[in-house]
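Source file work.cif; content: mmCIF, C-alpha atoms.
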```cif
data_start
#
loop_
_atom_site.label_atom_id
_atom_site.label_comp_id
_atom_site.auth_asym_id
_atom_site.auth_seq_id
_atom_site.Cartn_x
_atom_site.Cartn_y
_atom_site.Cartn_z
CA MET G 2 21.82 -0.94 -36.27
CA ASP G 3 22.98 2.39 -34.85
CA LEU G 4 19.43 3.09 -33.72
CA LEU G 5 19.30 -0.28 -31.98
CA LYS G 6 22.62 0.41 -30.25
CA LYS G 7 21.39 3.84 -29.16
CA GLN G 8 18.19 2.32 -27.79
CA TYR G 9 20.20 -0.27 -25.81
CA SER G 10 22.49 2.44 -24.54
CA ASN G 11 19.53 4.57 -23.37
CA THR G 12 17.86 1.69 -21.56
CA SER G 13 21.18 0.64 -19.99
CA HIS G 14 21.69 4.18 -18.78
CA GLN G 15 18.14 4.29 -17.35
CA LEU G 16 18.64 0.93 -15.67
CA LEU G 17 21.91 2.06 -14.12
CA LEU G 18 20.23 5.17 -12.68
CA SER G 19 17.39 3.06 -11.38
CA VAL G 20 19.79 0.59 -9.71
CA ALA G 21 21.72 3.48 -8.14
CA GLU G 22 18.48 4.92 -6.77
CA GLN G 23 17.33 1.53 -5.48
CA MET G 24 20.66 0.78 -3.77
CA LYS G 25 20.21 3.79 -1.51
CA LEU G 26 17.41 2.03 0.35
CA PRO G 27 19.25 -1.11 1.56
CA LEU G 28 22.36 0.93 2.33
CA LEU G 29 20.26 3.29 4.43
CA GLN G 30 18.55 0.35 6.15
CA ILE G 31 21.93 -1.24 6.89
CA ALA G 32 23.42 2.03 8.17
CA ARG G 33 20.53 2.64 10.55
CA GLN G 34 20.45 -0.99 11.73
CA ALA G 35 24.18 -0.80 12.43
CA GLU G 36 23.65 2.44 14.33
CA LEU G 37 21.04 0.69 16.49
CA GLY G 38 23.78 -1.73 17.45
CA VAL G 39 26.21 1.09 18.20
CA MET G 40 23.56 2.79 20.36
CA GLY G 41 23.19 -0.45 22.28
CA VAL G 42 19.51 -0.80 21.40
CA GLU G 43 19.75 -3.99 19.38
CA ASN G 44 22.26 -5.98 17.34
CA ASN G 45 20.58 -7.08 14.14
CA TYR G 46 23.33 -8.89 12.31
CA THR G 47 20.86 -11.25 10.65
CA THR G 48 18.84 -8.33 9.28
CA ILE G 49 21.97 -6.62 8.00
CA GLN G 50 23.14 -9.85 6.38
CA THR G 51 19.78 -10.40 4.65
CA LEU G 52 19.61 -6.82 3.38
CA ALA G 53 23.17 -6.99 2.06
CA GLU G 54 22.59 -10.36 0.37
CA ASN G 55 19.43 -9.14 -1.29
CA SER G 56 21.28 -6.09 -2.62
CA LEU G 57 23.95 -8.39 -4.02
CA HIS G 58 21.25 -10.39 -5.83
CA LEU G 59 19.98 -7.17 -7.38
CA LEU G 60 23.46 -6.21 -8.52
CA ASP G 61 24.03 -9.71 -9.90
CA GLY G 62 20.77 -9.45 -11.83
CA TYR G 63 21.74 -6.04 -13.15
CA SER G 64 25.15 -7.18 -14.40
CA LEU G 65 23.59 -10.30 -15.91
CA SER G 66 21.02 -8.19 -17.77
CA LEU G 67 23.83 -6.07 -19.23
CA GLN G 68 25.86 -9.11 -20.20
CA LEU G 69 22.84 -10.64 -21.89
CA ALA G 70 21.86 -7.45 -23.69
CA HIS G 71 25.34 -6.65 -24.92
CA GLN G 72 26.75 -10.19 -25.05
CA TYR G 73 29.78 -9.11 -22.97
CA GLY G 74 31.73 -12.29 -22.48
CA TYR G 75 28.62 -14.22 -21.53
CA GLN G 76 27.54 -17.09 -23.68
CA PHE G 77 23.77 -17.00 -23.67
CA VAL G 78 22.66 -20.60 -23.71
CA THR G 79 19.08 -21.70 -23.83
CA GLU G 80 18.49 -25.04 -22.28
CA SER G 81 15.74 -27.24 -21.03
CA VAL G 82 14.72 -25.90 -17.64
CA SER G 83 12.22 -27.04 -15.04
CA VAL G 84 10.15 -24.03 -13.99
CA ALA G 85 9.20 -25.72 -10.74
CA ALA G 86 12.87 -26.15 -9.83
CA VAL G 87 13.63 -22.52 -10.66
CA LEU G 88 10.72 -21.28 -8.53
CA TYR G 89 11.72 -23.60 -5.71
CA ASP G 90 15.30 -22.26 -5.70
CA ALA G 91 14.06 -18.66 -5.92
CA ASN G 92 11.76 -19.35 -2.96
CA GLN G 93 14.74 -20.62 -0.94
CA GLN G 94 16.75 -17.49 -1.73
CA LEU G 95 13.89 -15.18 -0.78
CA GLN G 96 12.84 -16.73 2.52
CA SER G 97 14.91 -14.51 4.80
CA LEU G 98 13.93 -11.28 3.02
CA ALA G 99 10.25 -12.25 3.13
CA LYS G 100 10.55 -12.94 6.85
CA LEU G 101 12.00 -9.47 7.43
CA TYR G 102 9.03 -7.88 5.70
CA ASP G 103 6.48 -10.23 7.35
CA VAL G 104 5.49 -11.62 3.98
CA GLN G 105 4.55 -15.27 3.54
CA LEU G 106 5.98 -16.98 0.50
CA GLU G 107 3.90 -19.67 -1.11
CA LEU G 108 5.00 -21.99 -3.88
CA ASN G 109 2.31 -23.00 -6.37
CA ILE G 110 4.15 -25.42 -8.58
CA GLY G 111 1.58 -28.17 -8.68
CA GLY G 112 0.58 -29.60 -12.02
CA LYS G 113 2.65 -31.60 -14.41
CA TYR G 114 4.40 -29.10 -16.60
CA GLY G 115 7.25 -30.29 -18.73
CA PRO G 116 10.50 -28.39 -19.11
CA VAL G 117 10.68 -25.04 -20.87
CA ILE G 118 13.28 -23.43 -23.06
CA ALA G 119 15.18 -20.76 -21.14
CA ASN G 120 18.47 -19.81 -19.58
CA ARG G 121 18.21 -21.13 -16.05
CA LYS G 122 20.51 -18.62 -14.35
CA ALA G 123 18.79 -15.67 -16.05
CA LEU G 124 15.28 -16.98 -15.34
CA GLU G 125 16.05 -17.50 -11.65
CA SER G 126 17.71 -14.11 -11.34
CA ALA G 127 14.72 -12.41 -12.94
CA ILE G 128 12.21 -14.21 -10.70
CA VAL G 129 14.22 -13.30 -7.59
CA GLY G 130 14.35 -9.65 -8.72
CA LEU G 131 10.59 -9.52 -9.33
CA ALA G 132 9.75 -11.19 -6.05
CA SER G 133 12.13 -8.98 -4.03
CA ALA G 134 10.49 -5.88 -5.46
CA LEU G 135 7.01 -7.14 -4.58
CA ILE G 136 8.04 -8.31 -1.09
CA GLU G 137 9.17 -4.75 -0.35
CA VAL G 138 5.88 -3.36 -1.68
CA ILE G 139 3.34 -5.54 0.13
CA PRO G 140 3.63 -3.99 3.65
CA ALA G 141 3.55 -0.48 2.13
CA GLN G 142 0.09 -0.98 0.68
CA MET G 143 -2.91 0.37 2.52
CA ASN G 144 -4.93 -2.33 4.27
CA SER G 145 -2.60 -5.00 3.02
CA ASN G 146 -4.66 -7.84 4.43
CA CYS G 147 -3.03 -10.22 2.06
CA SER G 148 0.62 -10.52 2.94
CA THR G 149 1.32 -13.60 0.89
CA LEU G 150 3.40 -13.67 -2.24
CA HIS G 151 2.88 -16.61 -4.53
CA LEU G 152 5.62 -17.94 -6.75
CA ALA G 153 3.54 -19.78 -9.24
CA THR G 154 3.36 -21.48 -12.56
CA HIS G 155 0.38 -22.28 -14.74
CA ARG G 156 -0.39 -23.16 -18.31
CA CYS G 157 -1.81 -20.68 -20.78
CA ARG G 158 -2.57 -21.03 -24.46
CA TYR G 159 0.84 -19.60 -25.45
CA GLY G 160 2.93 -21.77 -23.16
CA ILE G 161 3.81 -22.03 -19.49
CA VAL G 162 3.65 -18.94 -17.30
CA ALA G 163 6.10 -18.41 -14.44
CA GLY G 164 5.52 -15.46 -12.20
CA VAL G 165 5.00 -13.83 -8.82
CA TYR G 166 1.52 -12.95 -7.62
CA ALA G 167 -0.02 -11.03 -4.75
CA SER G 168 -3.06 -8.89 -4.14
CA VAL G 169 -1.25 -5.67 -4.91
CA PRO G 170 -3.78 -2.98 -5.82
CA GLY G 171 -2.72 -0.81 -8.72
CA LEU G 172 -0.78 -3.50 -10.54
CA SER G 173 -2.01 -3.12 -14.11
CA ARG G 174 -0.74 -3.13 -17.68
CA GLU G 175 -1.02 0.64 -17.73
CA ALA G 176 1.06 0.99 -14.53
CA LEU G 177 3.74 -1.29 -15.96
CA ARG G 178 3.75 0.60 -19.28
CA LYS G 179 4.19 3.92 -17.49
CA GLY G 180 6.83 2.44 -15.20
CA ARG G 181 8.84 1.23 -18.20
CA LYS G 182 8.90 4.77 -19.56
CA LEU G 183 9.82 6.37 -16.25
CA TYR G 184 12.34 4.08 -14.58
CA GLY G 185 15.70 5.72 -14.09
CA LEU G 186 14.11 9.10 -14.74
CA SER G 187 11.74 9.15 -11.80
CA ARG G 188 12.33 8.11 -8.18
CA GLN G 189 8.96 6.38 -8.13
CA PRO G 190 8.17 5.06 -11.59
CA LEU G 191 5.45 2.76 -10.23
CA VAL G 192 3.79 5.34 -8.01
CA GLY G 193 0.56 3.39 -7.48
CA ILE G 194 2.44 0.24 -6.54
CA SER G 195 5.77 1.01 -4.93
CA HIS G 196 7.28 3.72 -2.75
CA SER G 197 10.76 2.91 -4.06
CA SER G 198 12.15 2.76 -7.56
CA GLY G 199 11.02 -0.88 -7.94
CA THR G 200 14.24 -1.68 -9.77
CA GLY G 201 13.94 -5.44 -9.31
CA ILE G 202 11.01 -5.35 -11.73
CA PHE G 203 12.96 -3.44 -14.37
CA VAL G 204 16.07 -5.58 -14.00
CA ALA G 205 13.85 -8.65 -14.51
CA ASP G 206 12.18 -6.94 -17.47
CA SER G 207 15.59 -6.27 -18.98
CA ILE G 208 16.71 -9.88 -18.47
CA PHE G 209 13.52 -11.20 -20.06
CA ARG G 210 13.86 -8.82 -22.99
CA ALA G 211 17.39 -10.06 -23.59
CA MET G 212 15.97 -13.59 -23.59
CA LYS G 213 13.35 -12.46 -26.18
CA LEU G 214 10.62 -12.92 -23.58
CA ASN G 215 8.00 -10.45 -22.48
CA LEU G 216 7.19 -9.59 -18.87
CA HIS G 217 3.52 -8.82 -18.46
CA VAL G 218 0.81 -8.36 -15.87
CA SER G 219 -0.98 -11.66 -15.48
CA ARG G 220 -3.41 -13.45 -13.20
CA HIS G 221 -2.98 -16.59 -11.22
CA ARG G 222 -6.15 -17.85 -9.62
CA ARG G 223 -7.60 -14.59 -8.26
CA LEU G 224 -4.31 -12.79 -7.78
CA TYR G 225 -2.63 -10.20 -9.95
CA GLY G 226 1.06 -10.37 -10.55
CA LEU G 227 3.89 -10.27 -13.02
CA GLY G 228 4.73 -13.23 -15.16
CA VAL G 229 6.47 -14.39 -18.27
CA VAL G 230 5.30 -16.88 -20.86
CA LEU G 231 7.86 -19.61 -21.56
CA SER G 232 7.86 -22.03 -24.47
CA PRO G 233 7.59 -25.69 -23.54
CA SER G 234 10.51 -27.82 -24.58
CA SER G 235 8.55 -30.53 -26.36
CA GLN G 236 11.67 -32.28 -27.58
CA LEU G 237 12.72 -33.24 -24.09
CA ALA G 238 9.23 -33.93 -22.88
CA LEU G 239 9.36 -37.13 -24.97
CA VAL G 240 12.34 -38.46 -23.05
CA MET V 1 3.73 12.64 33.03
CA LEU V 2 1.55 12.30 29.93
CA LYS V 3 3.19 10.53 27.03
CA LYS V 4 3.47 12.45 23.73
CA ASN V 5 2.03 10.84 20.61
CA ILE V 6 4.28 10.65 17.57
CA LEU V 7 2.88 9.60 14.22
CA ILE V 8 5.39 8.24 11.71
CA ILE V 9 4.37 7.84 8.08
CA GLU V 10 7.00 5.55 6.62
CA PRO V 11 6.31 3.06 3.81
CA ASP V 12 9.40 0.90 4.25
CA LYS V 13 8.82 -1.68 6.96
CA ILE V 14 12.47 -2.10 7.94
CA LEU V 15 13.04 1.65 8.34
CA ALA V 16 9.71 2.08 10.10
CA ASP V 17 10.62 -0.61 12.64
CA THR V 18 14.05 0.97 13.13
CA TYR V 19 12.70 4.47 13.77
CA LYS V 20 10.06 3.07 16.08
CA LYS V 21 12.75 1.33 18.15
CA VAL V 22 14.87 4.49 18.17
CA LEU V 23 12.09 6.75 19.44
CA ASP V 24 10.27 4.28 21.62
CA ASN V 25 10.83 5.27 25.24
CA SER V 26 8.83 6.18 28.31
CA TYR V 27 8.04 9.67 26.99
CA PHE V 28 6.60 8.82 23.58
CA ASN V 29 3.80 6.73 22.12
CA ILE V 30 4.83 5.83 18.60
CA GLN V 31 2.38 4.98 15.87
CA VAL V 32 3.63 3.93 12.46
CA VAL V 33 1.59 3.84 9.26
CA ALA V 34 2.61 3.24 5.65
CA THR V 35 0.31 5.43 3.56
CA ALA V 36 -1.08 8.96 3.47
CA GLN V 37 -4.66 7.73 3.91
CA GLU V 38 -3.71 5.71 6.97
CA GLY V 39 -1.87 8.78 8.25
CA ILE V 40 -5.02 10.89 8.19
CA LEU V 41 -7.04 8.13 9.86
CA ALA V 42 -4.36 7.66 12.54
CA ALA V 43 -4.13 11.40 13.18
CA ASP V 44 -7.90 11.52 13.58
CA ALA V 45 -7.89 8.60 16.00
CA HIS V 46 -4.86 9.49 18.13
CA CYS V 47 -4.29 13.24 17.76
CA PRO V 48 -0.49 13.30 17.42
CA ASP V 49 1.80 15.80 19.13
CA LEU V 50 4.32 15.42 16.31
CA VAL V 51 4.20 14.00 12.79
CA ILE V 52 7.17 12.55 10.92
CA CYS V 53 6.44 12.07 7.24
CA GLU V 54 8.21 10.56 4.22
CA LEU V 55 7.42 12.18 0.86
CA GLN V 56 7.66 9.06 -1.30
CA LEU V 57 4.53 7.09 -0.49
CA VAL V 58 2.38 4.71 -2.51
CA ASN V 59 -0.46 6.51 -4.35
CA HIS V 60 -0.85 9.81 -2.50
CA GLY V 61 2.53 11.38 -1.77
CA GLY V 62 3.75 13.05 1.39
CA ILE V 63 3.08 16.57 0.11
CA GLU V 64 -0.56 15.62 -0.55
CA PHE V 65 -0.76 14.25 2.99
CA ILE V 66 0.64 17.48 4.46
CA TYR V 67 -1.81 19.64 2.47
CA GLU V 68 -4.69 17.50 3.69
CA PHE V 69 -3.36 17.41 7.25
CA ARG V 70 -2.88 21.17 7.44
CA SER V 71 -6.33 21.81 6.00
CA TYR V 72 -7.88 20.86 9.38
CA LYS V 73 -7.81 23.67 11.90
CA ASP V 74 -6.97 21.44 14.86
CA TRP V 75 -3.85 20.11 13.17
CA GLN V 76 -2.39 23.36 11.88
CA SER V 77 -0.07 23.93 14.82
CA ILE V 78 1.17 20.37 15.26
CA PRO V 79 4.91 20.21 14.52
CA LEU V 80 5.71 18.25 11.39
CA ILE V 81 9.03 16.85 10.22
CA ILE V 82 9.61 15.86 6.63
CA PHE V 83 11.98 12.92 6.88
CA SER V 84 12.64 11.86 3.36
CA SER V 85 14.99 10.26 0.85
CA VAL V 86 14.20 13.15 -1.48
CA PRO V 87 17.00 15.71 -1.02
CA PRO V 88 15.83 19.10 0.27
CA THR V 89 17.72 20.80 -2.58
CA GLU V 90 14.84 19.73 -4.83
CA PHE V 91 12.62 22.07 -2.84
CA ALA V 92 15.09 24.94 -2.83
CA ASP V 93 12.64 27.07 -4.83
CA SER V 94 9.74 26.17 -2.56
CA GLN V 95 10.98 27.34 0.82
CA ASN V 96 8.01 29.68 1.24
CA LEU V 97 5.57 26.91 0.43
CA MET V 98 7.22 24.59 2.95
CA ILE V 99 7.41 27.11 5.78
CA ASP V 100 4.43 29.42 5.27
CA GLN V 101 1.77 27.26 3.69
CA LEU V 102 2.60 23.78 4.96
CA ALA V 103 4.20 24.85 8.24
CA VAL V 104 6.94 22.24 7.98
CA SER V 105 9.03 22.42 11.16
CA ARG V 106 12.13 20.60 9.85
CA TYR V 107 13.27 18.93 6.66
CA LEU V 108 15.58 16.01 7.35
CA TYR V 109 17.29 14.18 4.50
CA LYS V 110 17.31 10.50 5.50
CA PRO V 111 20.75 9.50 4.18
CA ASN V 112 22.34 12.36 6.13
CA THR V 113 20.34 11.96 9.33
CA THR V 114 21.51 9.53 11.97
CA ASN V 115 19.19 8.00 14.53
CA LEU V 116 20.70 10.27 17.19
CA GLN V 117 20.01 13.37 15.08
CA LEU V 118 16.42 12.24 14.67
CA ILE V 119 16.03 11.83 18.44
CA LYS V 120 17.58 15.26 19.00
CA THR V 121 15.22 16.94 16.53
CA VAL V 122 12.16 15.24 18.02
CA ASP V 123 13.24 16.27 21.53
CA GLU V 124 13.73 19.87 20.40
CA LEU V 125 10.29 20.09 18.83
CA LEU V 126 8.50 18.47 21.73
CA ALA V 127 10.38 20.30 24.47
#
```

Let me see the structure of the file written as structure tokens.
Amino acid sequence: MDLLKKQYSNTSHQLLLSVAEQMKLPLLQIARQAELGVMGVENNYTTIQTLAENSLHLLDGYSLSLQLAHQYGYQFVTESVSVAAVLYDANQQLQSLAKLYDVQLELNIGGKYGPVIANRKALESAIVGLASALIEVIPAQMNSNCSTLHLATHRCRYGIVAGVYASVPGLSREALRKGRKLYGLSRQPLVGISHSSGTGIFVADSIFRAMKLNLHVSRHRRLYGLGVVLSPSSQLALV
Amino acid sequence: MLKKNILIIEPDKILADTYKKVLDNSYFNIQVVATAQEGILAADAHCPDLVICELQLVNHGGIEFIYEFRSYKDWQSIPLIIFSSVPPTEFADSQNLMIDQLAVSRYLYKPNTTNLQLIKTVDELLA
């Protein structure tokens, strides 16, 4: 039990460092955007608002991951959740950030998938964290011809996969494994994928782990991405 | 008067756009790229008068870019600014490497450098 507590404490500490590192970027972006306004070059209140809101989502996700992992005053309830609805809501939240980074968001929620067992708030927060991290990455890739991020769901033999997909070179199991070891300790734990600390991915990973789910590199059509396998809620599918 | 070419290697799109707006005037041509490889290609195509480079890039880092860049004779005397989120204190033991081998003109720490300070430094180096 002590070992488990120590492990949680270490990962929490790493996650906190990673969040602190990640927060520098939007604060820097906001400071420089505000300075542009002061210099009389341009007033970008919309950009500042979007950057601040996205940072708040990250912080929300981080605190939720801690609450879930340590059960601090948060009743973790699994319920019957529609993946399509979660992806749709996440897509709505991410539109303005995607626009800032010139990334197209595409929803692939076709197909008749029944509800899954999950915590809706946690699932949505994790998907938003993952997608934000990838939105930031796409323009930083060399020859990023594909600037579309897909929020998608599909069926696999273990259940229903919900994830975010793009043609991001370097996204592999090995890169994710290394990143998991390095986040919080390195400024660039996903060096082949992201120029920043990619904290949205690790916050999502932490949320999924607390939900006893496993984030993994998966494929959707011909795109690589990050997804999670969710168990169908067969009980409610009968209704 | 001939415009000076400035090459900015900045992976974050929002910051890249901001710095481009800040430096864009009638004296400078600004070119922005996101990766080290694109930086070399852009330098080859446009022959910059000044390079501004972040160290944290995807795949090949900024230091790798500078080594590669300085390995070409034509580019050895072009002023180069490291403009990074990595604090310069991390390179405190490598001052000689930065100045002698890589010929880094200035090291600016992004969180402590305002847009006006960036303009001032660029003006100084291109004067």

Q.
Which residue is closest to chain G? Choose from V:Thr113, V:Met98, V:Ser105, V:Pro88 and count all atoms listed in the file.
A.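 For chain G, the nearest of the candidates is V:Thr113.
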
Please evaluate the PyMOL selection byres ((chain G and resi 119) around 9) against the structure above and give the resulting residues as a CSV table (one decimal) with C-alpha atoms, keeping the file's coordinate frame.
```
chain,number,residue,atom,x,y,z
G,78,VAL,CA,22.7,-20.6,-23.7
G,79,THR,CA,19.1,-21.7,-23.8
G,80,GLU,CA,18.5,-25.0,-22.3
G,81,SER,CA,15.7,-27.2,-21.0
G,82,VAL,CA,14.7,-25.9,-17.6
G,117,VAL,CA,10.7,-25.0,-20.9
G,118,ILE,CA,13.3,-23.4,-23.1
G,120,ASN,CA,18.5,-19.8,-19.6
G,121,ARG,CA,18.2,-21.1,-16.0
G,122,LYS,CA,20.5,-18.6,-14.4
G,123,ALA,CA,18.8,-15.7,-16.0
G,124,LEU,CA,15.3,-17.0,-15.3
G,212,MET,CA,16.0,-13.6,-23.6
G,231,LEU,CA,7.9,-19.6,-21.6
G,232,SER,CA,7.9,-22.0,-24.5
```

Q) Do you know which residues are at most 10 Å from segment 66-74 of chain V counting all atoms listed in the file, after dropping those on the same chain fewer than 2 positions away, and could you put them as number ranges by chain? A) V: 36-37, 39-40, 43-44, 47, 51, 53, 55, 61-64, 76-78, 80, 82, 98, 101-104

Q) Applied to the shown file, which residues does the PyMOL selection byres ((chain G) within 7 of (chain V)) return, written as a list of chain:residue names? A)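 Here the PyMOL selection byres ((chain G) within 7 of (chain V)) matches G:Leu29, G:Gln30, G:Arg33, G:Gln34, G:Tyr102, G:Pro140, G:Ala141, G:Gln142, G:Met143, G:Val192, G:Gly193, G:Ile194, G:Ser195, G:His196.
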
Q: Evaluate the PyMOL selection byres ((chain G and resi 98) around 9) and record the selected residues as a ChimeraX atom specification, following the chain and residue labels used in the document.
A: /G:48,51-52,55,94-97,99-104,133,136-137

**Q.** Distance in Å - atom CA of Leu177 of chain G versus atom CA of Leu59 of chain G
**A.**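 About the pair atom CA of Leu177 of chain G and atom CA of Leu59 of chain G: they are 19.3 Å apart.
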
Q: Identify which of the residues G:Val169, G:Ala35, G:Val138, G:Leu152 lies closest to Glu125 of chain G, counting all atoms listed in the file when measuring atom-to-atom distances.
A: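 With all atoms listed in the file as the atom set, the closest residue is G:Leu152.
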
Q) What does the distance from atom CA of Cys157 of chain G to atom CA of Leu224 of chain G come to in Å, to one decimal? A)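 Computing it gives 15.4 Å between the two atoms.
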
Q | Coordinates-based distance that separates atom CA of Gly160 of chain G from atom CA of Pro233 of chain G (Å, one decimal) | A | 6.1 Å

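Compared by their closest atoms to Ser84 of chain V, and using only C-alpha atoms, the residues V:Ile119, V:Ala127, V:Ile9, V:Leu2 rank with V:Ile9 nearest.
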
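Of the residues under consideration (V:Ile8, V:Ile30, V:Ile52, V:Ile99), V:Ile52 shows the shortest atom-to-atom contact distance to Ile81 of chain V when counting only C-alpha atoms.
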
Q.
Taking all atoms listed in the file into account, name the residue in V:Leu23, V:Asn5, V:Phe91, V:Phe28 that is nearest to Leu37 of chain G.
A.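 Nearest candidate to Leu37 of chain G out of V:Leu23, V:Asn5, V:Phe91, V:Phe28: V:Leu23.
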